[in-house]
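Asks: Please read through the structure below; I'll follow up with questions.
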Amino acid sequence: MKPNFKKILTHVGIIIFFFIIAAAYMSPVFDGKVIMQGDSMKADAMAKEQRDYREHHGGEAIWNSAMFSGMPGYQVTTPPSPSVFNKVRNAVNLNFMGYSRNIGIVFLYLVGFYVCLLAIGCNPWLSLLGALAFGLGSYNIIIIEAGHITKAWAIALMAPILGGMLLTFKRKYVWGGLLFTLALGMQIACNHIQITYYTLIMALLLGVAYFIYSIKDKWLKQFLLGVGVLLIGCVFAVGGNARLLFVNQEYAKHTMRGGAQITVTPEDLYKDGEAKSIAASDGLDIDYAYNWSYGKGETYTILVPGAYGGGSGETVSRESEFYKNFRQEQAPLYWGDQPFTSGPVYFGAIIVFLFVLGLFVVKGPDRWWLLAATILAILMSWGKNFMGFNEFLFNKLPLYNKFRTPSMSLVIANVSMVFMAVLALKSIFDKENPMDTKKLNMGLYISTGITVGIILLMMILSGNFTFSGASDTQMAAQYKDQWQFIQDVLVKDRKALFKSDSWRSLIFILLSAGTIWLYINQKIKKSGIIIGVLACLVLFDLWGVDRRYLNDKNFISERRATLKPTQNDQIIDQYAAQFGDVDYRVFDLSVNTFNDSYPSAFHHQIGGYNAAKLRRYQDIIDFYLSRHINTDVLDMLNARYFVIPAQQGPMVQRNPNALGNAWFVNEVQIVKDANAEILALNHFGPADTAIITEEFAAMVQGKNLERDSNSVITMEHQKPYNPDYVVYKTKTAKEQLAVFSEVYYAPDWKAYIDGKPAEYFRANYILRAMVVPAGEHKIEFKCEAPLLHKLDKVTLAFSLLFLVVVAGTLVLYYRKPKKEVSKQ
């Protein structure tokens, strides 16, 4: 087969165009600036300890001691993987150019959807239009500003996965299987399992639709062959990410997403009588998981971006009422059901119109699975606002209760609606199977009438809207007597934005409908001109909305983005030098203690930020470190310094009662289970007593562990610090029970006494404990993470096998006669 150089040049030119679009949007990058991404800056802070380790030791730290008193570091920053899919992902997101967090994301959005549309038979120019429509959808841009980088990469790979499936079901087994496997492997490597879960939902709907049609149209054998190819692809995609998936699976059992290990509540600490019991679960609490639920009415933003005020910090003009009254360019205009938001989910008025048109002109299984995916995505996004349906999903749908933020499910609709919109145009432009002009016109008139009619109806009904939402209640409590005036100002601007964006969307629909009418009725006969006009309209529409939420003002100099010690950090260092304190922790109440990772950049923290905290540590937070602060618990966590908010600014206080890194106790209190263990922490002296459940009772029973007053246990301070290795020296006259102020996580940590393996166990609900023999000894804790290293070998093996299979398949493919190749 000779390559078609004209087609190749077209594709190369379009890919270069995509880079230009992405670069133009992120142009401040070329001036050395970076996006002020909240979550990325949090990630930089929480990962600083691991970067320091890499700098001083030249390797990768497995454990991170900087937050939550210690947690697995591979949940903070992923160590280099031998996965081939990881390498390919880092190429296509422009990581090798240093653009993976900005230009590379938009580029991957565009290229991913472009490849998908090419795979299902769209010409390059129609594929370009679809890529622009998807890549510049407001949610896809807003999450870049928020710093949800891995989510963005994973979303970009949804369409190529589906494109590979469709290509396979169209009997292009080699190329379909290759695209599917490569895209799925890369998406899994992004480590955003929730987006992969949503992709699986779409894949199942697609598969069911094609299965039904394969029976109806008598090609079930070919369908099953395609399923076989896809299953083989799944094996390679999973095997090539074995380290990532199975280490995460192991860790998830011990996290908030693994469900509650206790059935008592913090309220049980402060009342007499029998403890109140709650139902045990194997996932997140539904109230927590469904906190960010899209409102039913708020779904209208997919058609009109400013319908619900835009973002919680919406940029306003100098002509706005808010600016005139308060001289501020950002206003809390959002009035939807979510606690707050960076901006609306807007797919584009043109895309919504074309989606509705697609319901009339797209035939076959694609119409039905895309419609089903769109409806399901919207219903799921409502979360607590459509509880009957979504509570059922939460309790019955496998693994669904591991995820939070229902509004995220709209990424499904983003893919499906753009997909349908492009297929609608493909059907209209299809000269080999032309549709009846009357039917096309009828579909065009109805879809225009529906979308324009909805906008006009909502504009009429808006006279009865309150333009007040959940966030207004919080602001009312904050501003008190001033609130009524502030709210009146906000309502005026909310109404103005609703009206102006309604007219904006209506105009884009009419312009695109008129353009298509010209083609259907032979006024313009070249489809390329129509595609060009629509592409310009889509670009103008989406670009204009996107720039409201991510523009040049969101970029700052790299110097400003660099982490620097705060004044509090400096004061703590001064106190530590004065008192000789090393290897301690800080309890910072001047920030949102358990949702802020910035303090973790320079000191080990009791708090921090991570979406997958250890379940037991979250229990400690809920019971003893949030509403009611228990100083005994802080002492056992070695909280040597407190940062306390005050009117004149945060104050640093030293805690003389912190128990240090390890200590010997005088007695053991054995309790029945985790419920009794967590409650027992409310009234105990951690310096003298260790609380142990019956699970570990055999470790201490029959032993005389009364404390030897002359015994000594000390931690050897390391410089540079190594979070994966902790050393203690002990000197005792008799056998003793030591408690270590280190988080217990048995899958990764191994213990040794004088170089020989030793047993340790859990005490005080979250810490480590060990029976130490008499004499002088060296105790070592090593974070070996055996599963991680074992799975690295599996990952490498599958990656190499995948490369061999691909190479062999392509050699055989190109050596076949032309007629045989055409069947593939």
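In the structure tokens, each chain is lettered A, B, ... as it comes, each chain's residues begin at 1, and ligands are numbered from 1 in order of appearance.
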If we count only C-alpha atoms and set the cut-off at 8 Å, which residues sit around range 726-743 of chain A, ignoring sequence neighbours fewer than 3 positions away in its own chain? Please answer as a PyMOL selection string.
Replies: chain A and resi 69-71+636-638+660-666+690+704-708+710-716+722-723+763+766-782
Asks: Please, which residues in range 532-555 of chain A fall within 12 Å of range 30-52 of chain A when counting only C-alpha atoms, and what is the closest atom pair and distance in Å to one decimal for each, ordered by chain then residue number, as a tab-separated table?
Replies:
residue	atom	partner	partner_atom	distance
A:Tyr549	CA	A:Ile35	CA	11.9
A:Leu550	CA	A:Ile35	CA	8.8
A:Asn551	CA	A:Ile35	CA	9.3
A:Asp552	CA	A:Ile35	CA	8.7
A:Lys553	CA	A:Ile35	CA	8.9
A:Asn554	CA	A:Ile35	CA	5.7
A:Phe555	CA	A:Ile35	CA	4.3
Asks: Would you mind listing, for every residue of range 593-708 of chain A within 12 Å of range 581-584 of chain A, the two atoms forming the shortest contact and the distance between them in Å to one decimal, using only C-alpha atoms, sorted by chain and ascending residue number, as JSON lines?
Replies:
{"residue": "A:Phe602", "atom": "CA", "partner": "A:Tyr584", "partner_atom": "CA", "distance": 11.8}
{"residue": "A:His603", "atom": "CA", "partner": "A:Tyr584", "partner_atom": "CA", "distance": 8.3}
{"residue": "A:His604", "atom": "CA", "partner": "A:Tyr584", "partner_atom": "CA", "distance": 6.9}
{"residue": "A:Gln605", "atom": "CA", "partner": "A:Tyr584", "partner_atom": "CA", "distance": 8.7}
{"residue": "A:Ile606", "atom": "CA", "partner": "A:Tyr584", "partner_atom": "CA", "distance": 10.0}
{"residue": "A:Leu634", "atom": "CA", "partner": "A:Tyr584", "partner_atom": "CA", "distance": 11.5}
{"residue": "A:Asp635", "atom": "CA", "partner": "A:Tyr584", "partner_atom": "CA", "distance": 10.7}
{"residue": "A:Met636", "atom": "CA", "partner": "A:Tyr584", "partner_atom": "CA", "distance": 11.2}
{"residue": "A:Leu637", "atom": "CA", "partner": "A:Tyr584", "partner_atom": "CA", "distance": 8.9}
{"residue": "A:Asn638", "atom": "CA", "partner": "A:Tyr584", "partner_atom": "CA", "distance": 5.9}
{"residue": "A:Ala639", "atom": "CA", "partner": "A:Tyr584", "partner_atom": "CA", "distance": 6.5}
{"residue": "A:Arg640", "atom": "CA", "partner": "A:Tyr584", "partner_atom": "CA", "distance": 5.8}
{"residue": "A:Tyr641", "atom": "CA", "partner": "A:Tyr584", "partner_atom": "CA", "distance": 8.0}
{"residue": "A:Phe642", "atom": "CA", "partner": "A:Tyr584", "partner_atom": "CA", "distance": 11.3}
{"residue": "A:Arg654", "atom": "CA", "partner": "A:Asp581", "partner_atom": "CA", "distance": 10.2}
{"residue": "A:Asn655", "atom": "CA", "partner": "A:Tyr584", "partner_atom": "CA", "distance": 10.6}
{"residue": "A:Pro656", "atom": "CA", "partner": "A:Asp581", "partner_atom": "CA", "distance": 10.7}
{"residue": "A:Ala658", "atom": "CA", "partner": "A:Tyr584", "partner_atom": "CA", "distance": 8.7}
{"residue": "A:Leu659", "atom": "CA", "partner": "A:Tyr584", "partner_atom": "CA", "distance": 9.7}
{"residue": "A:Gly660", "atom": "CA", "partner": "A:Tyr584", "partner_atom": "CA", "distance": 7.0}
{"residue": "A:Asn661", "atom": "CA", "partner": "A:Asp583", "partner_atom": "CA", "distance": 7.4}
{"residue": "A:Ala662", "atom": "CA", "partner": "A:Asp583", "partner_atom": "CA", "distance": 11.1}
Asks: Would you mind listing what lies within 10 Å of range 431-437 of chain A as a list in words, with only C-alpha atoms counted and same-chain residues fewer than 5 positions away left out?
Replies: Val361, Lys426, Met442, Gly443, Ile520, Asn521 and Gln522 of chain A
Asks: Using only C-alpha atoms, can you tell me which of A:Asp337, A:Glu329, A:Glu267, A:Asp573 comes closest to Thr299 in chain A?
Replies: A:Asp337
Asks: Please provide as a VMD selection string all residues within 6 Å of range 422-425 of chain A, with the sequence filter that same-chain residues fewer than 3 positions apart are discarded (counting only C-alpha atoms).
Replies: chain A and resid 130 358 362 419 428
Asks: Please produce an output containing N, CA and C atoms for each residue in the selection, written as a CSV table (one decimal), in the first residue's frame.
Replies:
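After the write, part-v7.csv holds the following:
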chain,number,residue,atom,x,y,z
A,130,GLY,N,-15.6,19.2,14.8
A,130,GLY,CA,-16.0,18.5,16.0
A,130,GLY,C,-14.9,18.6,17.1
A,358,GLY,N,-29.6,16.0,15.1
A,358,GLY,CA,-29.2,14.7,14.9
A,358,GLY,C,-30.2,13.6,15.3
A,362,VAL,N,-29.8,11.4,12.1
A,362,VAL,CA,-28.8,10.3,12.4
A,362,VAL,C,-29.6,9.0,12.5
A,419,PHE,N,-20.5,14.5,19.6
A,419,PHE,CA,-20.5,13.3,18.7
A,419,PHE,C,-21.8,13.3,17.8
A,428,ILE,N,-26.1,14.9,6.8
A,428,ILE,CA,-26.6,15.9,5.8
A,428,ILE,C,-25.6,16.0,4.6
Asks: List the spatial neighbours of Pro344 in chain A as a ChimeraX atom specification - criterion: any atom at most 8 Å away, only C-alpha atoms, same-chain residues fewer than 4 positions off excluded.
Replies: /A:138-139,301-302,305-306,308,310-311
Asks: Using only C-alpha atoms, which residues sit within 12 Å of Ile455 in chain A once same-chain residues fewer than 3 positions away are excluded, as JSON, numbers by chain?
Replies: {"A": [300, 301, 302, 303, 304, 305, 307, 349, 352, 353, 448, 449, 450, 451, 452, 458, 459, 460, 461, 462, 498, 499, 500, 501, 502, 503, 504, 505, 506, 507, 508, 509, 510]}
Asks: Mind checking DSSP for range 32-247 of chain A and telling me the strand (DSSP E) residues as an MDAnalysis selection string?
Replies: chainID A and resid 33:35 63:64 71:72
Asks: Generate a file of the selected residues that holds C-alpha atoms, formatted as a PDB file, in the first residue's frame.
Replies:
ATOM      1  CA  LYS A  33       4.188  32.650  32.905  1.00  0.00           C
ATOM      2  CA  VAL A  34       2.182  29.830  34.421  1.00  0.00           C
ATOM      3  CA  ILE A  35      -1.507  29.396  35.144  1.00  0.00           C
ATOM      4  CA  TRP A  63       5.947   7.551  51.597  1.00  0.00           C
ATOM      5  CA  ASN A  64       4.965  11.181  52.162  1.00  0.00           C
ATOM      6  CA  MET A  71       0.430   8.659  53.857  1.00  0.00           C
ATOM      7  CA  PRO A  72       1.527   6.747  50.726  1.00  0.00           C
TER       8      PRO A  72
END
Asks: Determine which residues of range 171-345 of chain A receive a DSSP assignment of alpha helix (DSSP H), computed from the backbone, and state them as number ranges by chain.
Replies: A: 173-189, 193-216, 220-239, 242-252, 286-289, 321-326
